[in-house]
Amino acid sequence: MAFFDIFRSSDTVLTAALSGMPDLPLESPWADSSSLEQFTLANIYGLDAENLPLTRSGALSIAAVAKGRNLLCSTVGRMVLQARKNGVVLPVQPPMLAQLQAGTSNFHSISAVVDSLIFYGRAWLLITERNPLDSRPKTFLFVPEAQAESENGILKKAFGKNVGSDWLRIDGPHEGILNTGRDVLQYVKDVERISRDTAANPNPNIILKNNGEAISTEEIEALRGYWLAGRRKKGGTVAYTSKEVSVETVGQAAQDVIIANLNNAAIEVARIMGLPAFAIDASVAGSSLTYNNSTSQMKQIIDFGAMPYMAAIEGLFSMLLPAGQTAVFDMAPLLKGDLKERLDAYAVGITAGIYSVEYVQELEGLDPIIPGEVIELPTEPAAIEAPNE
C-alpha cells in the first residue's frame, strides 16, 4: 500500500446488490486529496507549504480562478452534446451522448470533464457498458485525477482497481493551468496574501528610525518583529514608541494598492484561462471593447474560453460515432438573446422569407395556431337548475 493510501477510503464503490447499477464511487467527483498530500509532504520534509506548487484546491482558493472555472464548466455543461450527420441533428441520438454516466446528469458529467481539462489538461473516462450490436461505448464513468493512476499517458488504475483497456482519455488544448500557469497562479496567490496583510494593516509602509544609540542587527529584527506582530493584532493601528524611535510612512494608501494589485492579478488569471477580463470582473485600462447585450458577452466567453474545451470533447466523441457522424455541442440556446432581440431577428427572417411563422413558434416552444382557427376562451359554466318535481 502506498503511503498516502491511508488517507483514502478503503472502499469507494457501491455494490451492485445495493444499487442495481455498475460500481460507482461514493465520493464527490470534485474530491481532491492533493492538498492533504502536499500538507503532509511539507510536514515530513520541513518545507513551507506556501512555496510548494499549487494544487487544484489551492488554485480554487483564488477567487478569480474559482469564478473562471465555474463559468467555463457551467457554460459547456449547459449545452446539449448532439450527434449530427451533414449538419443535421439525428432524430435518434446514440445512448453514449444521451446520458454519459448512469445516474448522473450530463451537466455534471461534462462539467467534471471540463474541470479536469482546465486544471490537468486531460480527463479520464471508464467505459462501463458497450452496445451489444456494434461494441461501441454506451455509458462511461468519470475518473477524477486524484483517483487515476497512470503511466506514460496510459491509465493503469482507477479508484484503486485495475482498468484494463476499457478507458478513454480526453486531451485538452494545453497541459492544464496547474502546469502551464504555475508561476502566474503562485504570483496571484502571493498578491492575494499581501493584499490581505495590507487590508489588516491599512497604513502605508512604515520605516522605523533609531534616533538614539546604535543597536545590533538582532535588536533591529526584534524591533521589526514586535511592530509587525502588533500591527496584526486587534487594534494594531495604534502603537507606542519611545523618544529614541520615530516612525515614517511611505507608499500609497492601502485601498489603492489592494484594488490595483487584485485587478492586475485577475487579468493574469483571465489570460491563462483564455477568458475575456470582464468574465471574471477584471478591467483592462484603455480597453475599447464594449458589449451591448448578454448575447455578445456569452459569444466572447464561448469563442475565447469554452471553445477549446468543447472542441476537445467533440473530437473524442466524434471518433466513437459511426463514419459520417459528428458530436457537436448545441450553442443556440445560450446565444438566443433576450425576447426583444429574438423577436426583431424573427421579424427580419419572416420578412425575408427565411422563416415561417410556424417555425418561429416551434423555436419559441409555442403551439402553432392553425390558420383560420378560432380559439374560444372558456367561460364560466352555466348554473344548473334543479329539476322540477
# chains A, B, ... in the order shown; residues from 1 in each chain; ligands from 1
>>> residues_around(residues="Pro308 (chain A)", least_positions_apart="2", cutoff="10 Å", atoms="only C-alpha atoms", output="number ranges by chain")
A: 117, 172-174, 274, 302-306, 310-314
>>> select_by_dssp(residues="region 49-216 of chain A", states="strand (DSSP E or B)", output="ChimeraX atom specification")
/A:80-85,88-89,101,104,122-130,137-143,148-151,154-158,161-162,167-171,205-210
>>> residues_around(residues="Pro95 (chain A)", least_positions_apart="5", cutoff="9 Å", atoms="only C-alpha atoms", output="list of chain:residue names")
A:Leu100, A:Asn131, A:Pro137, A:Lys138, A:Thr139
>>> select_by_dssp(residues="region 54-271 of chain A", states="helix (DSSP H, G or I)", output="ChimeraX atom specification")
/A:56-60,63-77,95-98,106-120,145-147,177-180,182-200,217-232,254-271
>>> residues_around(residues="Thr128 (chain A)", least_positions_apart="4", cutoff="12 Å", atoms="only C-alpha atoms", output="PyMOL selection string")
chain A and resi 21-24+96+100-102+135-143+163-168
>>> write_last_selection(atoms="N, CA and C atoms", output="mmCIF file, in the first residue's frame")
data_model
loop_
_atom_site.group_PDB
_atom_site.id
_atom_site.type_symbol
_atom_site.label_atom_id
_atom_site.label_comp_id
_atom_site.auth_asym_id
_atom_site.auth_seq_id
_atom_site.Cartn_x
_atom_site.Cartn_y
_atom_site.Cartn_z
ATOM 1 N N MET A 21 -26.754 -1.008 -10.099
ATOM 2 C CA MET A 21 -26.032 -0.244 -11.113
ATOM 3 C C MET A 21 -24.575 -0.657 -11.082
ATOM 4 N N PRO A 22 -23.805 -0.306 -12.118
ATOM 5 C CA PRO A 22 -22.371 -0.579 -12.085
ATOM 6 C C PRO A 22 -21.724 0.107 -10.892
ATOM 7 N N ASP A 23 -20.563 -0.428 -10.460
ATOM 8 C CA ASP A 23 -19.852 0.162 -9.328
ATOM 9 C C ASP A 23 -19.568 1.631 -9.574
ATOM 10 N N LEU A 24 -19.951 2.475 -8.619
ATOM 11 C CA LEU A 24 -19.758 3.914 -8.731
ATOM 12 C C LEU A 24 -19.020 4.416 -7.498
ATOM 13 N N MET A 96 -24.650 6.880 -25.883
ATOM 14 C CA MET A 96 -23.462 7.443 -25.233
ATOM 15 C C MET A 96 -23.553 8.955 -25.067
ATOM 16 N N LEU A 100 -24.162 10.324 -20.502
ATOM 17 C CA LEU A 100 -22.793 9.828 -20.441
ATOM 18 C C LEU A 100 -22.581 8.863 -19.287
ATOM 19 N N GLN A 101 -23.086 9.222 -18.106
ATOM 20 C CA GLN A 101 -22.913 8.393 -16.921
ATOM 21 C C GLN A 101 -24.263 7.955 -16.383
ATOM 22 N N ALA A 102 -24.382 6.702 -16.024
ATOM 23 C CA ALA A 102 -25.620 6.200 -15.436
ATOM 24 C C ALA A 102 -25.863 6.890 -14.098
ATOM 25 N N SER A 135 -20.549 -2.977 -30.319
ATOM 26 C CA SER A 135 -19.475 -2.872 -29.318
ATOM 27 C C SER A 135 -18.999 -1.449 -29.075
ATOM 28 N N ARG A 136 -19.760 -0.479 -29.570
ATOM 29 C CA ARG A 136 -19.378 0.906 -29.276
ATOM 30 C C ARG A 136 -19.719 1.228 -27.817
ATOM 31 N N PRO A 137 -18.943 2.148 -27.196
ATOM 32 C CA PRO A 137 -19.249 2.509 -25.810
ATOM 33 C C PRO A 137 -20.676 3.032 -25.664
ATOM 34 N N LYS A 138 -21.291 2.670 -24.564
ATOM 35 C CA LYS A 138 -22.676 3.086 -24.303
ATOM 36 C C LYS A 138 -22.755 4.019 -23.107
ATOM 37 N N THR A 139 -22.074 3.679 -22.032
ATOM 38 C CA THR A 139 -22.037 4.537 -20.848
ATOM 39 C C THR A 139 -20.609 4.597 -20.318
ATOM 40 N N PHE A 140 -20.334 5.661 -19.551
ATOM 41 C CA PHE A 140 -18.987 5.908 -19.052
ATOM 42 C C PHE A 140 -19.026 6.187 -17.554
ATOM 43 N N LEU A 141 -17.834 6.263 -16.986
ATOM 44 C CA LEU A 141 -17.681 6.690 -15.594
ATOM 45 C C LEU A 141 -16.491 7.635 -15.533
ATOM 46 N N PHE A 142 -16.741 8.865 -15.107
ATOM 47 C CA PHE A 142 -15.667 9.849 -14.995
ATOM 48 C C PHE A 142 -14.745 9.481 -13.841
ATOM 49 N N VAL A 143 -13.437 9.603 -14.077
ATOM 50 C CA VAL A 143 -12.436 9.285 -13.052
ATOM 51 C C VAL A 143 -11.719 10.574 -12.662
ATOM 52 N N VAL A 163 -7.832 -1.326 -14.567
ATOM 53 C CA VAL A 163 -8.880 -0.961 -15.529
ATOM 54 C C VAL A 163 -8.763 -1.667 -16.867
ATOM 55 N N GLY A 164 -7.664 -2.326 -17.140
ATOM 56 C CA GLY A 164 -7.524 -2.983 -18.431
ATOM 57 C C GLY A 164 -7.477 -1.969 -19.561
ATOM 58 N N SER A 165 -8.226 -2.244 -20.622
ATOM 59 C CA SER A 165 -8.208 -1.350 -21.792
ATOM 60 C C SER A 165 -9.515 -0.583 -21.969
ATOM 61 N N ASP A 166 -10.477 -0.756 -21.073
ATOM 62 C CA ASP A 166 -11.769 -0.078 -21.214
ATOM 63 C C ASP A 166 -11.742 1.324 -20.608
ATOM 64 N N TRP A 167 -10.991 2.202 -21.228
ATOM 65 C CA TRP A 167 -10.905 3.584 -20.750
ATOM 66 C C TRP A 167 -10.618 4.501 -21.924
ATOM 67 N N LEU A 168 -10.897 5.782 -21.722
ATOM 68 C CA LEU A 168 -10.637 6.800 -22.728
ATOM 69 C C LEU A 168 -9.977 7.997 -22.056
#
>>> closest_residue(among="A:Ala229, A:Ala260, A:Ile127, A:Leu90", to="Ala282 (chain A)", atoms="only C-alpha atoms")
A:Ala260
>>> closest_residue(among="A:Pro333, A:Ala59, A:Trp124, A:Thr249", to="Asp183 (chain A)", atoms="only C-alpha atoms")
A:Ala59
>>> closest_residue(among="A:Lys299, A:Arg342, A:Arg56, A:Lys161", to="Arg182 (chain A)", atoms="only C-alpha atoms")
A:Arg56
>>> atom_distance(atom1="CA of Ala148 (chain A)", atom2="CA of Gly121 (chain A)")
13.7 Å
>>> closest_residue(among="A:Glu221, A:Glu268, A:Asp281, A:Glu362", to="Val188 (chain A)", atoms="only C-alpha atoms")
A:Glu268
>>> closest_residue(among="A:Ala98, A:Ile354, A:Ile177, A:Val238", to="Gly68 (chain A)", atoms="only C-alpha atoms")
A:Ile177
>>> atom_distance(atom1="CA of Glu213 (chain A)", atom2="CA of Gly230 (chain A)")
23.7 Å
>>> residues_around(residues="Arg271 (chain A)", least_positions_apart="4", cutoff="12 Å", atoms="only C-alpha atoms", output="ChimeraX atom specification")
/A:64-65,68,177,180-181,184-185,264-267,275-280,282,284,304-305
>>> closest_residue(among="A:Met273, A:Ser246, A:Ile350, A:Asp190", to="Leu72 (chain A)", atoms="only C-alpha atoms")
A:Met273
